[in-house]
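What follows is a short report on a single structure.
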Amino acid sequence: MSQMARYRSWQLMAIEKNMLNIEHIVSTIDDAAIFDKRDGGDGWTISEVLGHLGDTDSYFLARARALAAGEDPPGGSGRSVDERVKEAGYAEQDALDLLQRWLGVSADYHEFLASLPEDDEELWARPAGGGFTLNDQLVLSAYHDLDHLHQIVKIIRG
């Protein structure tokens, strides 16, 4: 296994661990009032975080599939992340339903990435969409989930 392939395997493990940690934390909240709390005065609720995670992994999965097929990846919507979260109305949706949605999408995304040839450096380093590679996306995915795990903990702690 090449050094880069080993790094990719660590990132895939991080994504899986983030999924398990977020699932455990959100599914064991016993105070329903926590779901009404926001990250700061006008920050997101846990439902909004989970909705955003599902949206992001859906986009990343579509992007990864396109890159693996040698196609141009889909472009962004042009709207800010906050606008998309508000328009979707995630704050009014059930956090546990959004958790299950995200876990399903994230599992599909993780499975797809894990199915790609680990030592195909050309595939993983192929630039697209402003030079952003699958390697870049994988690292961002693991960090993105961890960042929002931290956000969920901040919301719970108040």
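For the structure tokens, the naming scheme is as follows: chains receive sequential letters (A, B, ...) according to their order of presentation, residues are indexed from 1 within each chain, and ligands are indexed from 1 in presentation order.
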
Could you give me, as a PDB file with N, CA, C and O atoms, in the first residue's frame, the residues within 10 Å of Gly40 in chain A, counting only C-alpha atoms and dropping anything in the same chain fewer than 4 positions from it?
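See around-v2.pdb below for the written result:
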ATOM      1  N   TRP A  44     -26.920  27.594  14.157  1.00  0.00           N
ATOM      2  CA  TRP A  44     -27.783  26.479  13.754  1.00  0.00           C
ATOM      3  C   TRP A  44     -28.234  25.631  14.934  1.00  0.00           C
ATOM      4  O   TRP A  44     -27.569  25.551  15.953  1.00  0.00           O
ATOM      5  N   THR A  45     -29.375  24.963  14.728  1.00  0.00           N
ATOM      6  CA  THR A  45     -29.839  23.928  15.656  1.00  0.00           C
ATOM      7  C   THR A  45     -29.193  22.609  15.241  1.00  0.00           C
ATOM      8  O   THR A  45     -28.608  22.491  14.153  1.00  0.00           O
ATOM      9  N   LYS A 154     -21.020  21.760  21.140  1.00  0.00           N
ATOM     10  CA  LYS A 154     -21.182  23.129  21.640  1.00  0.00           C
ATOM     11  C   LYS A 154     -22.658  23.457  21.867  1.00  0.00           C
ATOM     12  O   LYS A 154     -23.013  24.096  22.864  1.00  0.00           O
ATOM     13  N   ILE A 155     -23.523  23.016  20.972  1.00  0.00           N
ATOM     14  CA  ILE A 155     -24.956  23.267  21.134  1.00  0.00           C
ATOM     15  C   ILE A 155     -25.464  22.586  22.398  1.00  0.00           C
ATOM     16  O   ILE A 155     -26.196  23.184  23.200  1.00  0.00           O
ATOM     17  N   GLY A 158     -24.341  24.234  25.530  1.00  0.00           N
ATOM     18  CA  GLY A 158     -24.925  25.561  25.710  1.00  0.00           C
ATOM     19  C   GLY A 158     -23.868  26.580  25.811  1.00  0.00           C
ATOM     20  O   GLY A 158     -23.739  27.562  26.288  1.00  0.00           O
TER      21      GLY A 158
END

From a DSSP pass on the backbone, collect the residues of range 25-113 of chain A flagged as alpha helix (DSSP H) and hand them back as JSON, numbers by chain. {"A": [25, 26, 27, 46, 47, 48, 49, 50, 51, 52, 53, 54, 55, 56, 57, 58, 59, 60, 61, 62, 63, 64, 65, 66, 67, 68, 81, 82, 83, 84, 85, 86, 87, 88, 95, 96, 97, 98, 99, 100, 101, 102, 103, 104, 105, 106, 107, 108, 109, 110, 111, 112, 113]}

Need the shell around Gly129 in chain A: protein/DNA/RNA residues with any atom at most 9 Å away, counting only C-alpha atoms. Skip same-chain ones fewer than 6 positions apart. Format as a ChimeraX atom specification? /A:72-75

Compare A:Ser106, A:Asn135, A:Thr56, A:Ser47 by their minimum atom-to-atom distance to Gln93 in chain A, counting only C-alpha atoms, and give me the closest one.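 Ranked by minimum distance to Gln93 in chain A, first place goes to A:Ser47.
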
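With CA of Ala32 in chain A on one side and CA of Asp57 in chain A on the other, the separation reads 26.4 Å.
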
Tell me, as a PyMOL selection string, which residues lie within 9 Å of Val139 in chain A, counting only C-alpha atoms; anything in the same chain fewer than 6 positions away does not count. chain A and resi 8+11-12

Provide the CA of Ile34 in chain A to CA of Tyr143 in chain A distance in Å, to one decimal place.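 Pair CA of Ile34 in chain A / CA of Tyr143 in chain A returns 24.3 Å.
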
Using only C-alpha atoms for the distances, tell me which of A:Asp108, A:Tyr7, A:Gly131, A:Leu116 is nearest to Ala62 in chain A. A:Asp108
